[in-house]
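Remarks on the structure that follows.
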Amino acid sequence: MTSKKLVNSVAGCADDALAGLVACNPSLQLLQGHRVALRSDLDSLKGRVALLSGGGSGHEPAHAGFIGKGMLTGVIAGAVFTSPAVGSILAAIRAVAQAGTVGTLLIVKNYTGDRLNFGLAREQARAEGIPVEMVVVGDDSAFTVLKKAGRRGLCGTVLIHKVAGALAEAGVGLEEIANRVSVVAKAMGTLGVSLSSCSVPGSRPTFELSADEVELGLGIHGEAGVLRIKMATADEIVAHMLNHMTDSSNVSHVPVQSGSSVVLMVNNLGGLSYLELGIIADAAVRFLEGRGVKIARALVGTFMSALEMPGVSLTLLLVDEPLLKLIDAETTAAAWPNVAKVSVTGRKRSRAAPAEPPEAPDATAAGGATSKQMVRVLERVCTTLLGLEDQLNALDRAAGDGDCGTTHSRAVSVTGRKRSRAAPAEPPEAPDGTAAGGATSKQMVRVLERVCTTLLGLEEQLNALDRAAGDGDCGTTHSRAARAIQGWLKESPPPASPAQLLSKLSLLLLEKMGGSSGALYGLFLTAAAQPLKAKTDLAAWSAAMDAGLEAMQKYGKAAPGDRTMLDSLWAAGQELQAWKSPGANLLPVLTKAVKNAEAAAEATKNMEAGAGRASYISSARLDQPDPGAVAAAAILRAILEVLQSQGA
């Protein structure tokens, strides 16, 4: 069952949330036509470096809450837990460049979709002559061995926003800022723990925990962690976390030792009460100081959430005095806490309570009552209230918070004790002058329509598969792409040229699909279009498949056998090599290719993930096929069925 959310619509919740932030903050503006928030005083940044960040929505206040003087210039937001579109990232880069900034630094969390989409936008901006650098932040300390995908980007990214913002405000150049924050990013680590999962609007929770378990090392997209441990006290959980983060045998540990100076960040993952947050902060301070670690600053609050997840993450950043000055530098960002510039360790945290005034003598006796009689009266009152605790609580639950009996019992137990602006225009598109080698526009429409209906029909199945290894939105992401294609087909017929068609689809998916899937399909189609510009015979289509697969591997850093969509496409591509032989037939080869793709998708359930978010999940939990591989095979099946029905 899906969880209840106070939203207007699932599709529009990210836009509405960003619009609400901007509506209530006069220092922010939206970039028209894009899910982008920028400082409203962009013109004041002339001659300085601009800082852009972002990612999927659902992590509020990250990242838009950290826009302001001394922190970020702007933020590009995706749908919930989905990487932002390349076109929107590029529009934000153009906007800050037109304001007169001398370069842009992209600060990106280490997730495949974010790396791909921000990286593609950076390359396009550079091609337009805009100076752009990118820093990828990976501060996850959960994994004790190196992962091919690297460390995930977590709450420590906010500290990088702060350091980079202070440097930019001081007039430091683009390359120096990028180099300095890259060094800082290697001196920190983050670890999260959760009491239960979260749920994307319109979806079910991404994983389940029993009542006596907590999840250690989880990500910020609802993906499961590295270890489940028994529920324990706050002190015990915090000790477990900090021991794991600082254990030298852990390749992702923070090298904290006695005498080290750190910034401690205690981050609410979304659904933890502030009472619990205070208890955890106290436990962390006591643990670290007990190890001889000096806590220079402690930041406690909600900085990077995972929707309503009831959990907390701890971040440690090793600091010296110059770095601490950057952390302390002034900022107008709404979500950055106004912390005193005083060391936590070494500060006197309590003062003696004033002495009670002397008790006034009682002038009258109690009608002859003795002290022993008064004691017996009080004892009877106490036993009466203790006996009524459950009954009073039950009565209070109907009209209050159900603690009336507990309150009276507490009195017994403690008695006598002391205690928007317009987006820049895109450059004109270069014309494509080739034709479609006999394929008609109607055939292309039928193929695309079948692909769309197939993906829409698979939405819940793909989401269910994705909940085991990701954030449970693979089906939603593919359905978003399908609806975007359907809308495009209603507006105008697709180009007759295969190269133009694939290029148009690439731009559409990069803008509308989002996530790593949108970036990877965009890369695949862009590369696949190139061989089809000169020829459109079967050999050219095989070469197009090769080019698309090569681009996917180059930028996605995945290989066959890594348990991704590439496994299905690679299996099909190997069979399509037969099209390069003279006299090859379309349907027999394509039929075998589709069967191979489906078999490869099914085989992913026995693979250990080597790329994407699934690579962070224990292989013992990955006993279902990869949803991306299943979707890719289904797309190929839909194409085959249309061509078979037409006798191609």
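Ligands are numbered from 1 in the order shown, chains are lettered A, B, ... in the order of the structure tokens, and residues start at 1 in each chain.
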Secondary structure check, strand (DSSP E) residues of stretch 151-365 of chain A, as number ranges by chain: A: 188-194, 213-216, 227-230, 261-268, 294-301, 311-318
Which of stretch 398-534 of chain A DSSP labels alpha helix (DSSP H), written as a count of residues only: 85
Shell around A:Thr144 at 7 Å using only C-alpha atoms, local window under 2 positions removed, as a list of chain:residue names: A:Ala142, A:Leu146, A:Asn250, A:Val251, A:Ser252
Among listed residues A:Gly12, A:Gly113, A:Gly68, A:Pro255, nearest A:Lys557 (using only C-alpha atoms): A:Gly113
Per residue of stretch 98-160 of chain A within 10 Å of stretch 318-342 of chain A, note the shortest atom pair and the distance in Å to one decimal, counting only C-alpha atoms, and order the rows by chain and increasing residue number, as CSV.
residue,atom,partner,partner_atom,distance
A:Val158,CA,A:Trp336,CA,9.1
A:Leu159,CA,A:Ile327,CA,7.6
A:Ile160,CA,A:Ile327,CA,9.3
For the residues in the current selection, export C-alpha atoms as a PDB file, in the first residue's frame.
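The resulting file, out.pdb, is reproduced below:
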ATOM      1  CA  VAL A 158      26.586  20.280   2.337  1.00  0.00           C
ATOM      2  CA  LEU A 159      29.938  21.018   3.988  1.00  0.00           C
ATOM      3  CA  ILE A 160      31.494  21.186   0.514  1.00  0.00           C
TER       4      ILE A 160
END
Given only C-alpha atoms as the counted atoms, nearest of A:Thr315, A:Thr454, A:Asn596, A:Thr591 to A:Ala634: A:Thr454
Selection: 8 Å around A:Pro205, only C-alpha atoms, excl. self and same-chain fewer than 5 positions, as a PyMOL selection string: chain A and resi 2-3+197-200+222+467
Go ahead and dump the residues you just picked, N, CA and C atoms, as an mmCIF file, in the first residue's frame.
data_model
loop_
_atom_site.group_PDB
_atom_site.id
_atom_site.type_symbol
_atom_site.label_atom_id
_atom_site.label_comp_id
_atom_site.auth_asym_id
_atom_site.auth_seq_id
_atom_site.Cartn_x
_atom_site.Cartn_y
_atom_site.Cartn_z
ATOM 1 N N THR A 2 0.503 2.225 -0.827
ATOM 2 C CA THR A 2 1.280 3.464 -0.874
ATOM 3 C C THR A 2 1.027 4.294 0.380
ATOM 4 N N SER A 3 2.020 5.077 0.752
ATOM 5 C CA SER A 3 1.902 5.907 1.948
ATOM 6 C C SER A 3 1.177 7.202 1.632
ATOM 7 N N SER A 197 12.090 2.459 6.509
ATOM 8 C CA SER A 197 12.362 3.032 5.199
ATOM 9 C C SER A 197 11.550 4.303 4.981
ATOM 10 N N CYS A 198 11.664 4.837 3.770
ATOM 11 C CA CYS A 198 10.826 5.952 3.332
ATOM 12 C C CYS A 198 10.067 5.487 2.099
ATOM 13 N N SER A 199 9.187 6.311 1.581
ATOM 14 C CA SER A 199 8.447 5.944 0.373
ATOM 15 C C SER A 199 8.318 7.148 -0.537
ATOM 16 N N VAL A 200 8.617 6.950 -1.807
ATOM 17 C CA VAL A 200 8.434 7.981 -2.824
ATOM 18 C C VAL A 200 6.938 8.231 -2.984
ATOM 19 N N GLY A 222 16.409 5.723 -0.003
ATOM 20 C CA GLY A 222 15.597 4.616 0.473
ATOM 21 C C GLY A 222 16.187 3.259 0.171
ATOM 22 N N ARG A 467 12.666 -1.802 -5.830
ATOM 23 C CA ARG A 467 12.639 -1.579 -4.385
ATOM 24 C C ARG A 467 13.684 -2.429 -3.664
#
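Of the residues under consideration (A:Glu133, A:Asp114, A:Glu289, A:Glu175), A:Asp114 shows the shortest atom-to-atom contact distance to A:Tyr555 when counting only C-alpha atoms.
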With a cut-off of 10 Å, could you pull out the residues of stretch 122-160 of chain A touching stretch 83-100 of chain A and give me the nearest pair of atoms for each, distance in Å to one decimal, using only C-alpha atoms, ordered by chain and ascending number, as JSON lines?
{"residue": "A:Arg122", "atom": "CA", "partner": "A:Leu90", "partner_atom": "CA", "distance": 7.3}
{"residue": "A:Glu123", "atom": "CA", "partner": "A:Leu90", "partner_atom": "CA", "distance": 9.5}
{"residue": "A:Gln124", "atom": "CA", "partner": "A:Leu90", "partner_atom": "CA", "distance": 7.5}
{"residue": "A:Ala125", "atom": "CA", "partner": "A:Leu90", "partner_atom": "CA", "distance": 6.6}
{"residue": "A:Glu128", "atom": "CA", "partner": "A:Arg94", "partner_atom": "CA", "distance": 9.4}
{"residue": "A:Ile130", "atom": "CA", "partner": "A:Ala97", "partner_atom": "CA", "distance": 7.1}
{"residue": "A:Pro131", "atom": "CA", "partner": "A:Ala97", "partner_atom": "CA", "distance": 8.8}
{"residue": "A:Val132", "atom": "CA", "partner": "A:Ile93", "partner_atom": "CA", "distance": 8.3}
Store the residues picked out above in a file with C-alpha atoms, as a CSV table (one decimal), in the first residue's frame.
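Generated output (part_33.csv):
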chain,number,residue,atom,x,y,z
A,122,ARG,CA,29.5,20.4,-18.5
A,123,GLU,CA,30.7,19.1,-21.8
A,124,GLN,CA,28.0,21.0,-23.8
A,125,ALA,CA,28.7,24.2,-21.9
A,128,GLU,CA,30.0,26.8,-26.0
A,130,ILE,CA,31.8,28.5,-20.9
A,131,PRO,CA,34.5,27.6,-18.2
A,132,VAL,CA,33.0,24.8,-16.1
Shell of 12 Å around A:Lys5, only C-alpha atoms, local chain residues under 6 positions omitted, as an NGL selection string: :A and (13 or 198-204 or 307-308)
Closest of A:Gln257, A:Ser479, A:Gln530, A:Thr406 to A:Asn243 - atom-to-atom distances counting only C-alpha atoms: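 Ranked by minimum distance to A:Asn243, first place goes to A:Gln257.
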Contact residues around A:Gln461 with only C-alpha atoms at 12 Å, ignoring same-chain residues under 3 positions, as a VMD selection string: chain A and resid 203 454 to 458 464 to 468 472 to 476 478 to 479 624 to 628 630 to 631 634
Residue nearest A:Ile237 among A:Ser194, A:Ser141, A:Ser409, A:Asn463 (counting only C-alpha atoms):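 Among the listed residues, A:Ser194 lies closest to A:Ile237.
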